[in-house]
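**Q** Quick one: the structure is below, questions incoming.
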Amino acid sequence: MGVQGCLRAVSSYSSPQVVVVRNGHLGTAYRALQLLVLLYFTGYVFIIQKGYQERETGPESSVITKVKGVTQSPSKVWDVGEYVSPPEGGSTFSILTRVDVSPAQVMETCPEGRAVANATCSSDQDCVPRDTDTSGHGQRTGRCVPQAGGTGKSCEVLAWCPVDGGSISESLAEMASQFTVLIKNNIHFPRFGFSKGNIQAAESGYLKSCMFNTTSALYCPIFKLGFLVEQAGEDFAELAEKGGVIGVIITWNCNLDLPDTECNPHYSFRRLDPKRVSASPGYNYRFAKYYSWNGTRSRVLIKAYGIRVDVIVHGQAGKFSLIPTIITLATALTSVGLGSFVCDWILLCCMDKEQRYSSRKFEQVG
């Protein structure tokens with residue numbers, strides 16, 4: 001019987017049989033399902049998602065930045081060569097807004113800082129020679145010496161001394177909000193051989209007199225630093241005090257079936273670092289400036305707070321192609337048959353006349 005059943009299944013052929021069911025509710029549901037499928041593919045897949053296009057995401061991109069402006073702190077005037085880091089003008093850069101300057105330091109031996117764990121001691125046996133601590137300032141000499149300007153003792157270290165000399169805080173934020181930032185961006189979609197940039201100036205001196213505006217100066221990518229912070233929803237004075245990271249997101253969504261003038265950059269701004277975090281809030285880093293004084297190599301250690309700007313580029317491009325069009329049309333035509341499947345299931349499982357319909361729908365011949 002098993003062999004005969006297999007032979008019967010192989011030698012049989014199923015042909016769709018058309019059965020007209022006169023039921024107003026079922027007919028309305030059938031047409032409604034067909035209409036929904038057609039609206040979905042016409043409105044969403046073809047018009048909104050452009051299912052007839054070949055697409056490319058993640059364009060090749062280059063970003064060049066340039067900052068201009070002068071500010072001052074209580075002790076000096078700062079120009080762009082001092083408050084911008086790194087100076088190369090890449091997609092990520094920081095602008096100093098506050099500095100904590102230590103007193104002059106020289107390489108010699110001195111007591112370890114009081115805030116360093118396990119730095120206190122009572123005798124030389126507590127200090128292991130040539131030992132270093134990741135939170136310390138230098139290499140221990142093995143001696144236990146009195147702390148500078150205080151009671152108690154701590155291990156002596158070979159380091160840039162004094163290690164606990166305090167610091168002087170200076171703000172550079174007085175005119176920092178008026179700094180101008182040029183963001184030059186060029187993108188390329190290799191699949192379509194399409195390239196475009198965010199600067200399109202007919203005159204060579206155009207960038208010297210323009211300022212970015214979404215409607216009137218979209219292709220003048222010169223922003224004031226205060227504008228970037230404001231568009232990200234932040235207070236400039238607070239951000240300049242503690243530091244933070246601002247993201248400039250440039251998005252290129254290009255429909256290459258339209259003229260090139262319809263492919264335009266879209267700018268958005270937001271703060272990238274967590275704002276309300278108690279552990280290591282804001283943005284800061286340290287660097288040193290070295291000099292020679294009376295033949296002795298000395299340095300000044302600076303803890304810098306600033307606004308870091310990250311330029312992030314996204315984009316996608318689409319253009320008509322026959323293959324995705326055929327695939328989408330075939331999917332749409334196949335999906336129209338969904339109405340018949342649903343209505344057949346209702347007739348076979350949910351209505352009173354399912355036995356009668358089943359006998360008409362599945363009739364064996366031969």
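Naming scheme: A, B, ... for chains in displayed order of the structure tokens; residues 1 onward per chain; ligands 1 onward as shown.
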Skipping near chain neighbours, those fewer than 3 positions away, what residues fall within 9 Å of region 266-279 of chain A using only C-alpha atoms, listed as a short mmCIF file (atom, residue, chain, number, x, y, z; two decimals) with N, CA and C atoms, in the first residue's frame?
**A**
data_model
loop_
_atom_site.label_atom_id
_atom_site.label_comp_id
_atom_site.auth_asym_id
_atom_site.auth_seq_id
_atom_site.Cartn_x
_atom_site.Cartn_y
_atom_site.Cartn_z
N THR A 214 19.78 76.95 6.89
CA THR A 214 19.15 75.78 6.28
C THR A 214 18.45 76.13 4.97
N LEU A 218 22.48 76.78 2.44
CA LEU A 218 22.69 75.36 2.75
C LEU A 218 24.09 74.91 2.37
N LEU A 228 26.34 75.33 17.07
CA LEU A 228 26.37 73.86 17.16
C LEU A 228 25.87 73.39 18.52
N VAL A 229 26.32 74.05 19.58
CA VAL A 229 25.91 73.66 20.93
C VAL A 229 24.42 73.92 21.15
N GLU A 230 23.95 75.07 20.65
CA GLU A 230 22.53 75.42 20.80
C GLU A 230 21.64 74.43 20.05
N GLN A 231 22.03 74.06 18.83
CA GLN A 231 21.22 73.12 18.05
C GLN A 231 21.21 71.72 18.68
N ALA A 232 22.24 71.41 19.46
CA ALA A 232 22.27 70.12 20.16
C ALA A 232 21.48 70.16 21.46
N GLY A 233 20.87 71.33 21.77
CA GLY A 233 20.04 71.44 22.96
C GLY A 233 20.82 71.60 24.25
N GLU A 234 22.03 72.17 24.19
CA GLU A 234 22.87 72.31 25.38
C GLU A 234 23.12 73.77 25.71
N GLY A 244 32.39 68.38 26.79
CA GLY A 244 31.41 67.46 26.25
C GLY A 244 31.69 67.18 24.78
N VAL A 245 30.91 66.27 24.20
CA VAL A 245 31.10 65.85 22.82
C VAL A 245 29.84 66.17 22.02
N ILE A 246 29.98 66.96 20.97
CA ILE A 246 28.87 67.34 20.10
C ILE A 246 29.03 66.62 18.76
N GLY A 247 27.96 65.98 18.32
CA GLY A 247 27.98 65.30 17.04
C GLY A 247 27.31 66.12 15.96
N VAL A 248 27.99 66.30 14.83
CA VAL A 248 27.42 66.93 13.64
C VAL A 248 27.17 65.81 12.64
N ILE A 249 25.91 65.48 12.41
CA ILE A 249 25.56 64.37 11.54
C ILE A 249 25.12 64.91 10.18
N ILE A 250 25.84 64.54 9.14
CA ILE A 250 25.51 64.94 7.77
C ILE A 250 24.93 63.74 7.05
N THR A 251 23.72 63.89 6.53
CA THR A 251 23.02 62.79 5.86
C THR A 251 22.76 63.16 4.41
N TRP A 252 23.14 62.26 3.52
CA TRP A 252 22.90 62.42 2.09
C TRP A 252 21.93 61.33 1.64
N ASN A 253 20.70 61.69 1.33
CA ASN A 253 19.72 60.77 0.75
C ASN A 253 19.45 61.22 -0.68
N GLY A 282 31.66 64.81 31.49
CA GLY A 282 32.25 65.79 30.58
C GLY A 282 33.37 65.22 29.73
N TYR A 283 34.23 66.13 29.26
CA TYR A 283 35.34 65.75 28.37
C TYR A 283 36.57 66.54 28.77
N ASP A 310 32.50 65.77 16.72
CA ASP A 310 32.62 64.59 15.85
C ASP A 310 31.70 64.78 14.65
#
**Q** Considering only alpha helix (DSSP H) as DSSP defines it on the backbone, what residues of region 29-82 of chain A qualify? List them as JSON, numbers by chain.
**A** {"A": [29, 30, 31, 32, 33, 34, 35, 36, 37, 38, 39, 80, 81, 82]}
**Q** Could you list, as a PDB file with all heavy atoms, in the first residue's frame, every residue within 12 Å of Asp164 (chain A), counting only C-alpha atoms and ignoring same-chain residues fewer than 4 positions away?
**A**
ATOM      1  N   SER A 102      49.099  73.657  36.178  1.00  0.00           N
ATOM      2  CA  SER A 102      49.898  73.351  37.368  1.00  0.00           C
ATOM      3  C   SER A 102      51.097  74.287  37.433  1.00  0.00           C
ATOM      4  O   SER A 102      51.484  74.887  36.428  1.00  0.00           O
ATOM      5  CB  SER A 102      50.371  71.900  37.316  1.00  0.00           C
ATOM      6  OG  SER A 102      51.350  71.746  36.304  1.00  0.00           O
ATOM      7  N   PRO A 103      51.732  74.397  38.595  1.00  0.00           N
ATOM      8  CA  PRO A 103      52.973  75.183  38.663  1.00  0.00           C
ATOM      9  C   PRO A 103      54.102  74.454  37.940  1.00  0.00           C
ATOM     10  O   PRO A 103      53.959  73.289  37.535  1.00  0.00           O
ATOM     11  CB  PRO A 103      53.243  75.267  40.166  1.00  0.00           C
ATOM     12  CG  PRO A 103      52.550  74.073  40.751  1.00  0.00           C
ATOM     13  CD  PRO A 103      51.327  73.858  39.896  1.00  0.00           C
ATOM     14  N   ALA A 104      55.213  75.108  37.784  1.00  0.00           N
ATOM     15  CA  ALA A 104      56.352  74.512  37.079  1.00  0.00           C
ATOM     16  C   ALA A 104      56.819  73.254  37.788  1.00  0.00           C
ATOM     17  O   ALA A 104      56.904  73.206  39.020  1.00  0.00           O
ATOM     18  CB  ALA A 104      57.484  75.524  36.980  1.00  0.00           C
ATOM     19  N   GLN A 105      57.132  72.228  37.012  1.00  0.00           N
ATOM     20  CA  GLN A 105      57.607  70.962  37.559  1.00  0.00           C
ATOM     21  C   GLN A 105      58.947  70.604  36.936  1.00  0.00           C
ATOM     22  O   GLN A 105      59.209  70.926  35.772  1.00  0.00           O
ATOM     23  CB  GLN A 105      56.603  69.838  37.273  1.00  0.00           C
ATOM     24  CG  GLN A 105      55.242  70.018  37.929  1.00  0.00           C
ATOM     25  CD  GLN A 105      54.283  68.912  37.518  1.00  0.00           C
ATOM     26  OE1 GLN A 105      54.171  68.569  36.345  1.00  0.00           O
ATOM     27  NE2 GLN A 105      53.586  68.343  38.497  1.00  0.00           N
ATOM     28  N   CYS A 110      60.562  63.510  45.213  1.00  0.00           N
ATOM     29  CA  CYS A 110      59.689  64.235  46.119  1.00  0.00           C
ATOM     30  C   CYS A 110      58.683  63.255  46.717  1.00  0.00           C
ATOM     31  O   CYS A 110      58.528  62.136  46.228  1.00  0.00           O
ATOM     32  CB  CYS A 110      58.966  65.382  45.402  1.00  0.00           C
ATOM     33  SG  CYS A 110      57.954  64.832  44.001  1.00  0.00           S
ATOM     34  N   PRO A 111      57.975  63.629  47.792  1.00  0.00           N
ATOM     35  CA  PRO A 111      56.977  62.731  48.383  1.00  0.00           C
ATOM     36  C   PRO A 111      55.814  62.490  47.423  1.00  0.00           C
ATOM     37  O   PRO A 111      55.392  63.392  46.699  1.00  0.00           O
ATOM     38  CB  PRO A 111      56.524  63.487  49.643  1.00  0.00           C
ATOM     39  CG  PRO A 111      57.586  64.496  49.913  1.00  0.00           C
ATOM     40  CD  PRO A 111      58.153  64.865  48.586  1.00  0.00           C
ATOM     41  N   GLU A 112      55.327  61.242  47.437  1.00  0.00           N
ATOM     42  CA  GLU A 112      54.170  60.893  46.621  1.00  0.00           C
ATOM     43  C   GLU A 112      52.940  61.657  47.105  1.00  0.00           C
ATOM     44  O   GLU A 112      52.847  62.086  48.261  1.00  0.00           O
ATOM     45  CB  GLU A 112      53.924  59.386  46.695  1.00  0.00           C
ATOM     46  CG  GLU A 112      52.721  58.886  45.907  1.00  0.00           C
ATOM     47  CD  GLU A 112      52.827  59.160  44.421  1.00  0.00           C
ATOM     48  OE1 GLU A 112      52.561  60.312  44.020  1.00  0.00           O
ATOM     49  OE2 GLU A 112      53.156  58.232  43.653  1.00  0.00           O
ATOM     50  N   GLY A 113      51.984  61.871  46.216  1.00  0.00           N
ATOM     51  CA  GLY A 113      50.785  62.623  46.561  1.00  0.00           C
ATOM     52  C   GLY A 113      49.953  61.940  47.639  1.00  0.00           C
ATOM     53  O   GLY A 113      49.881  60.711  47.713  1.00  0.00           O
ATOM     54  N   ARG A 114      49.317  62.743  48.466  1.00  0.00           N
ATOM     55  CA  ARG A 114      48.536  62.202  49.576  1.00  0.00           C
ATOM     56  C   ARG A 114      47.303  61.439  49.094  1.00  0.00           C
ATOM     57  O   ARG A 114      46.788  60.578  49.797  1.00  0.00           O
ATOM     58  CB  ARG A 114      48.100  63.353  50.500  1.00  0.00           C
ATOM     59  CG  ARG A 114      49.248  63.975  51.280  1.00  0.00           C
ATOM     60  CD  ARG A 114      48.745  65.052  52.215  1.00  0.00           C
ATOM     61  NE  ARG A 114      48.319  66.242  51.481  1.00  0.00           N
ATOM     62  CZ  ARG A 114      49.126  67.255  51.178  1.00  0.00           C
ATOM     63  NH1 ARG A 114      50.406  67.200  51.542  1.00  0.00           N
ATOM     64  NH2 ARG A 114      48.685  68.291  50.509  1.00  0.00           N
ATOM     65  N   ALA A 115      46.798  61.757  47.912  1.00  0.00           N
ATOM     66  CA  ALA A 115      45.583  61.103  47.429  1.00  0.00           C
ATOM     67  C   ALA A 115      45.852  59.726  46.824  1.00  0.00           C
ATOM     68  O   ALA A 115      44.903  58.987  46.529  1.00  0.00           O
ATOM     69  CB  ALA A 115      44.902  61.989  46.388  1.00  0.00           C
ATOM     70  N   VAL A 116      47.121  59.351  46.640  1.00  0.00           N
ATOM     71  CA  VAL A 116      47.459  58.067  46.033  1.00  0.00           C
ATOM     72  C   VAL A 116      47.320  56.956  47.070  1.00  0.00           C
ATOM     73  O   VAL A 116      47.832  57.065  48.196  1.00  0.00           O
ATOM     74  CB  VAL A 116      48.889  58.085  45.459  1.00  0.00           C
ATOM     75  CG1 VAL A 116      49.262  56.730  44.877  1.00  0.00           C
ATOM     76  CG2 VAL A 116      49.001  59.170  44.397  1.00  0.00           C
ATOM     77  N   GLY A 136      49.696  56.436  40.738  1.00  0.00           N
ATOM     78  CA  GLY A 136      50.724  57.314  41.280  1.00  0.00           C
ATOM     79  C   GLY A 136      51.329  58.225  40.242  1.00  0.00           C
ATOM     80  O   GLY A 136      50.874  58.317  39.098  1.00  0.00           O
ATOM     81  N   HIS A 137      52.433  58.890  40.638  1.00  0.00           N
ATOM     82  CA  HIS A 137      53.050  59.892  39.774  1.00  0.00           C
ATOM     83  C   HIS A 137      54.440  59.517  39.278  1.00  0.00           C
ATOM     84  O   HIS A 137      54.975  60.204  38.408  1.00  0.00           O
ATOM     85  CB  HIS A 137      53.141  61.234  40.518  1.00  0.00           C
ATOM     86  CG  HIS A 137      51.812  61.828  40.878  1.00  0.00           C
ATOM     87  ND1 HIS A 137      51.146  61.511  42.037  1.00  0.00           N
ATOM     88  CD2 HIS A 137      51.026  62.704  40.214  1.00  0.00           C
ATOM     89  CE1 HIS A 137      50.006  62.177  42.084  1.00  0.00           C
ATOM     90  NE2 HIS A 137      49.902  62.905  40.996  1.00  0.00           N
ATOM     91  N   GLN A 147      55.837  64.298  54.304  1.00  0.00           N
ATOM     92  CA  GLN A 147      55.033  64.919  53.249  1.00  0.00           C
ATOM     93  C   GLN A 147      55.274  66.416  53.213  1.00  0.00           C
ATOM     94  O   GLN A 147      55.513  67.048  54.248  1.00  0.00           O
ATOM     95  CB  GLN A 147      53.549  64.628  53.480  1.00  0.00           C
ATOM     96  CG  GLN A 147      53.171  63.167  53.318  1.00  0.00           C
ATOM     97  CD  GLN A 147      51.703  62.925  53.587  1.00  0.00           C
ATOM     98  OE1 GLN A 147      51.013  63.793  54.098  1.00  0.00           O
ATOM     99  NE2 GLN A 147      51.242  61.716  53.272  1.00  0.00           N
ATOM    100  N   ALA A 148      55.196  66.980  52.025  1.00  0.00           N
ATOM    101  CA  ALA A 148      55.448  68.407  51.855  1.00  0.00           C
ATOM    102  C   ALA A 148      54.293  69.219  52.422  1.00  0.00           C
ATOM    103  O   ALA A 148      53.140  69.018  52.042  1.00  0.00           O
ATOM    104  CB  ALA A 148      55.646  68.730  50.374  1.00  0.00           C
ATOM    105  N   GLY A 149      54.610  70.108  53.353  1.00  0.00           N
ATOM    106  CA  GLY A 149      53.596  71.022  53.885  1.00  0.00           C
ATOM    107  C   GLY A 149      52.525  70.354  54.702  1.00  0.00           C
ATOM    108  O   GLY A 149      51.400  70.876  54.800  1.00  0.00           O
ATOM    109  N   GLY A 150      52.793  69.192  55.293  1.00  0.00           N
ATOM    110  CA  GLY A 150      51.765  68.520  56.074  1.00  0.00           C
ATOM    111  C   GLY A 150      52.373  67.540  57.042  1.00  0.00           C
ATOM    112  O   GLY A 150      53.590  67.349  57.118  1.00  0.00           O
ATOM    113  N   ALA A 159      59.836  61.627  40.015  1.00  0.00           N
ATOM    114  CA  ALA A 159      58.718  62.065  39.175  1.00  0.00           C
ATOM    115  C   ALA A 159      58.878  63.536  38.841  1.00  0.00           C
ATOM    116  O   ALA A 159      59.866  64.179  39.219  1.00  0.00           O
ATOM    117  CB  ALA A 159      57.392  61.809  39.893  1.00  0.00           C
ATOM    118  N   TRP A 160      57.881  64.048  38.101  1.00  0.00           N
ATOM    119  CA  TRP A 160      57.816  65.488  37.868  1.00  0.00           C
ATOM    120  C   TRP A 160      57.256  66.130  39.144  1.00  0.00           C
ATOM    121  O   TRP A 160      56.110  65.945  39.496  1.00  0.00           O
ATOM    122  CB  TRP A 160      56.918  65.808  36.684  1.00  0.00           C
ATOM    123  CG  TRP A 160      57.524  65.430  35.361  1.00  0.00           C
ATOM    124  CD1 TRP A 160      57.304  64.322  34.640  1.00  0.00           C
ATOM    125  CD2 TRP A 160      58.473  66.209  34.622  1.00  0.00           C
ATOM    126  NE1 TRP A 160      58.048  64.313  33.486  1.00  0.00           N
ATOM    127  CE2 TRP A 160      58.779  65.478  33.440  1.00  0.00           C
ATOM    128  CE3 TRP A 160      59.107  67.446  34.822  1.00  0.00           C
ATOM    129  CZ2 TRP A 160      59.683  65.943  32.489  1.00  0.00           C
ATOM    130  CZ3 TRP A 160      60.002  67.901  33.869  1.00  0.00           C
ATOM    131  CH2 TRP A 160      60.285  67.158  32.714  1.00  0.00           C
ATOM    132  N   LEU A 301      52.111  71.285  33.441  1.00  0.00           N
ATOM    133  CA  LEU A 301      51.081  70.292  33.158  1.00  0.00           C
ATOM    134  C   LEU A 301      49.720  70.994  33.086  1.00  0.00           C
ATOM    135  O   LEU A 301      49.365  71.774  33.975  1.00  0.00           O
ATOM    136  CB  LEU A 301      51.050  69.214  34.238  1.00  0.00           C
ATOM    137  CG  LEU A 301      50.043  68.076  34.022  1.00  0.00           C
ATOM    138  CD1 LEU A 301      50.386  67.282  32.769  1.00  0.00           C
ATOM    139  CD2 LEU A 301      50.000  67.167  35.249  1.00  0.00           C
TER     140      LEU A 301
END
**Q** Neighbouring residues of Thr134 (chain A) were defined as those with any atom within 12 Å, considering only C-alpha atoms; residues of the same chain fewer than 6 positions away were excluded. Please report them as an NGL selection string.
**A** :A and (116-119)
**Q** Go ahead and write the selection's residues with N, CA, C and O atoms as an mmCIF file, in the first residue's frame.
**A**
data_model
loop_
_atom_site.group_PDB
_atom_site.id
_atom_site.type_symbol
_atom_site.label_atom_id
_atom_site.label_comp_id
_atom_site.auth_asym_id
_atom_site.auth_seq_id
_atom_site.Cartn_x
_atom_site.Cartn_y
_atom_site.Cartn_z
ATOM 1 N N VAL A 116 47.121 59.351 46.640
ATOM 2 C CA VAL A 116 47.459 58.067 46.033
ATOM 3 C C VAL A 116 47.320 56.956 47.070
ATOM 4 O O VAL A 116 47.832 57.065 48.196
ATOM 5 N N ALA A 117 46.634 55.886 46.700
ATOM 6 C CA ALA A 117 46.444 54.755 47.619
ATOM 7 C C ALA A 117 47.785 54.115 47.954
ATOM 8 O O ALA A 117 48.673 54.003 47.104
ATOM 9 N N ASN A 118 47.950 53.705 49.232
ATOM 10 C CA ASN A 118 49.154 53.023 49.725
ATOM 11 C C ASN A 118 50.405 53.888 49.635
ATOM 12 O O ASN A 118 51.518 53.358 49.633
ATOM 13 N N ALA A 119 50.208 55.206 49.536
ATOM 14 C CA ALA A 119 51.384 56.084 49.465
ATOM 15 C C ALA A 119 51.937 56.402 50.849
ATOM 16 O O ALA A 119 53.131 56.673 50.999
#
**Q** Excluding Glu88 (chain A) and residues on its chain fewer than 5 positions from it, collect all residues at most 9 Å away from it, counting only C-alpha atoms, and give them as a count of residues only.
**A** 4
**Q** Among region 14-233 of chain A, which ones does DSSP place in strand (DSSP E), written as a PyMOL selection string?
**A** chain A and resi 53-57+60-68+71-72+77-78+84-85+92-101+105-111+139-146+153-161+168-171+180-189+194-197+222-224
**Q** Go through A:Gly90, A:Phe194, A:Asp235, A:His188 and flag the residue nearest Pro259 (chain A), using only C-alpha atoms for the distances.
**A**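 That would be A:Phe194, the residue with the smallest distance to Pro259 (chain A).
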**Q** When you look at Gly51 (chain A) with a cut-off of 12 Å (counting only C-alpha atoms), what residues show up, excluding the ones that are within fewer than 3 positions of it in the same chain? I need them as JSON, numbers by chain.
**A** {"A": [40, 41, 42, 43, 44, 45, 46, 47, 48, 54, 55, 318, 319, 320, 321, 322, 323, 324, 325, 326, 327, 328, 329, 330, 331, 332]}
**Q** Can those selected residues be exported to a file as a tab-separated table (two decimals), in the first residue's frame so that it contains N, CA, C and O atoms?
**A**
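The new file selection_13.tsv reads:
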chain	number	residue	atom	x	y	z
A	40	TYR	N	-0.63	48.80	-0.33
A	40	TYR	CA	0.65	48.63	0.35
A	40	TYR	C	1.81	48.67	-0.66
A	40	TYR	O	2.80	49.39	-0.46
A	41	PHE	N	1.68	47.92	-1.74
A	41	PHE	CA	2.78	47.86	-2.71
A	41	PHE	C	2.88	49.15	-3.52
A	41	PHE	O	3.98	49.60	-3.84
A	42	THR	N	1.74	49.76	-3.82
A	42	THR	CA	1.78	51.00	-4.60
A	42	THR	C	2.27	52.17	-3.76
A	42	THR	O	3.18	52.92	-4.17
A	43	GLY	N	1.67	52.34	-2.57
A	43	GLY	CA	2.00	53.51	-1.75
A	43	GLY	C	3.30	53.38	-0.99
A	43	GLY	O	4.13	54.30	-0.99
A	44	TYR	N	3.50	52.24	-0.32
A	44	TYR	CA	4.67	52.10	0.55
A	44	TYR	C	5.89	51.56	-0.20
A	44	TYR	O	6.96	52.17	-0.19
A	45	VAL	N	5.72	50.40	-0.86
A	45	VAL	CA	6.88	49.74	-1.47
A	45	VAL	C	7.41	50.53	-2.66
A	45	VAL	O	8.62	50.76	-2.79
A	46	PHE	N	6.50	50.99	-3.55
A	46	PHE	CA	6.96	51.67	-4.77
A	46	PHE	C	7.24	53.16	-4.54
A	46	PHE	O	8.28	53.67	-4.96
A	47	ILE	N	6.31	53.87	-3.88
A	47	ILE	CA	6.46	55.32	-3.76
A	47	ILE	C	7.39	55.71	-2.61
A	47	ILE	O	8.33	56.49	-2.80
A	48	ILE	N	7.15	55.16	-1.41
A	48	ILE	CA	7.95	55.56	-0.25
A	48	ILE	C	9.31	54.86	-0.25
A	48	ILE	O	10.36	55.51	-0.16
A	54	GLU	N	17.72	50.33	-7.55
A	54	GLU	CA	18.91	49.69	-6.98
A	54	GLU	C	19.52	50.67	-5.99
A	54	GLU	O	19.62	51.87	-6.28
A	55	ARG	N	19.93	50.20	-4.81
A	55	ARG	CA	20.36	51.12	-3.76
A	55	ARG	C	21.79	50.84	-3.33
A	55	ARG	O	22.29	49.71	-3.42
A	318	GLY	N	19.83	55.86	-4.61
A	318	GLY	CA	19.04	54.89	-5.35
A	318	GLY	C	18.82	55.33	-6.78
A	318	GLY	O	18.75	56.53	-7.08
A	319	LYS	N	18.74	54.34	-7.70
A	319	LYS	CA	18.52	54.64	-9.11
A	319	LYS	C	17.74	53.48	-9.74
A	319	LYS	O	17.90	52.33	-9.36
A	320	PHE	N	16.87	53.83	-10.72
A	320	PHE	CA	16.01	52.82	-11.34
A	320	PHE	C	16.84	51.68	-11.91
A	320	PHE	O	17.86	51.87	-12.56
A	321	SER	N	16.34	50.45	-11.65
A	321	SER	CA	16.97	49.25	-12.19
A	321	SER	C	15.89	48.24	-12.51
A	321	SER	O	14.91	48.10	-11.76
A	322	LEU	N	16.06	47.52	-13.61
A	322	LEU	CA	15.03	46.60	-14.07
A	322	LEU	C	14.86	45.40	-13.13
A	322	LEU	O	13.74	44.95	-12.89
A	323	ILE	N	15.97	44.90	-12.59
A	323	ILE	CA	15.89	43.68	-11.77
A	323	ILE	C	15.06	43.90	-10.50
A	323	ILE	O	14.13	43.12	-10.23
A	324	PRO	N	15.35	44.89	-9.65
A	324	PRO	CA	14.49	45.08	-8.47
A	324	PRO	C	13.04	45.41	-8.83
A	324	PRO	O	12.12	45.06	-8.09
A	325	THR	N	12.82	46.06	-9.99
A	325	THR	CA	11.46	46.36	-10.41
A	325	THR	C	10.68	45.08	-10.70
A	325	THR	O	9.54	44.90	-10.26
A	326	ILE	N	11.31	44.14	-11.44
A	326	ILE	CA	10.66	42.87	-11.76
A	326	ILE	C	10.39	42.07	-10.48
A	326	ILE	O	9.31	41.49	-10.30
A	327	ILE	N	11.37	42.04	-9.57
A	327	ILE	CA	11.20	41.29	-8.32
A	327	ILE	C	10.05	41.86	-7.49
A	327	ILE	O	9.21	41.12	-6.96
A	328	THR	N	9.98	43.17	-7.41
A	328	THR	CA	8.92	43.81	-6.62
A	328	THR	C	7.55	43.58	-7.26
A	328	THR	O	6.56	43.31	-6.56
A	329	LEU	N	7.46	43.70	-8.59
A	329	LEU	CA	6.19	43.45	-9.28
A	329	LEU	C	5.73	42.00	-9.10
A	329	LEU	O	4.55	41.74	-8.86
A	330	ALA	N	6.67	41.06	-9.22
A	330	ALA	CA	6.32	39.65	-9.03
A	330	ALA	C	5.82	39.39	-7.61
A	330	ALA	O	4.84	38.65	-7.40
A	331	THR	N	6.47	40.01	-6.64
A	331	THR	CA	6.02	39.86	-5.25
A	331	THR	C	4.64	40.45	-5.05
A	331	THR	O	3.79	39.89	-4.34
A	332	ALA	N	4.37	41.60	-5.68
A	332	ALA	CA	3.06	42.24	-5.56
A	332	ALA	C	1.96	41.37	-6.16
A	332	ALA	O	0.89	41.17	-5.57
**Q** Report the distance between CA of Leu182 (chain A) and CA of Phe212 (chain A) in Å, rounded to one decimal place.
**A**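 Value for the CA of Leu182 (chain A)-CA of Phe212 (chain A) distance: 9.7 Å.
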**Q** Pick the closest to Thr57 (chain A) from A:Arg98, A:Arg286, A:Arg140, A:Arg191: which is it, counting only C-alpha atoms?
**A**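 Comparing A:Arg98, A:Arg286, A:Arg140, A:Arg191 against Thr57 (chain A), the winner is A:Arg191.
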**Q** Just checking: using only C-alpha atoms, which residue out of A:Thr97, A:Leu158, A:Val336, A:Ile168 ends up closest to Trp78 (chain A)?
**A**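 Closest to Trp78 (chain A), using only C-alpha atoms: A:Thr97.
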**Q** With only C-alpha atoms as the basis for distance, which of A:Ile222, A:Leu239, A:Val313, A:Ala29 is at the shortest distance from Val181 (chain A)?
**A**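 When distances to Val181 (chain A) are compared using only C-alpha atoms, the smallest one comes from A:Ile222.
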**Q** Take CA of Pro87 (chain A) and CA of Ser61 (chain A) and report the distance between them in Å, one decimal.
**A** 20.0 Å
**Q** So the first atom is CA of Glu238 (chain A) and the second is CA of Val300 (chain A); what is the distance between them in Å, to one decimal place?
**A** 26.2 Å
**Q** Please determine, counting only C-alpha atoms, which residue among A:Arg130, A:Val106, A:Pro59, A:Asn255 has the shortest atom-to-atom distance to Tyr290 (chain A).
**A**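 Nearest to Tyr290 (chain A): A:Val106.
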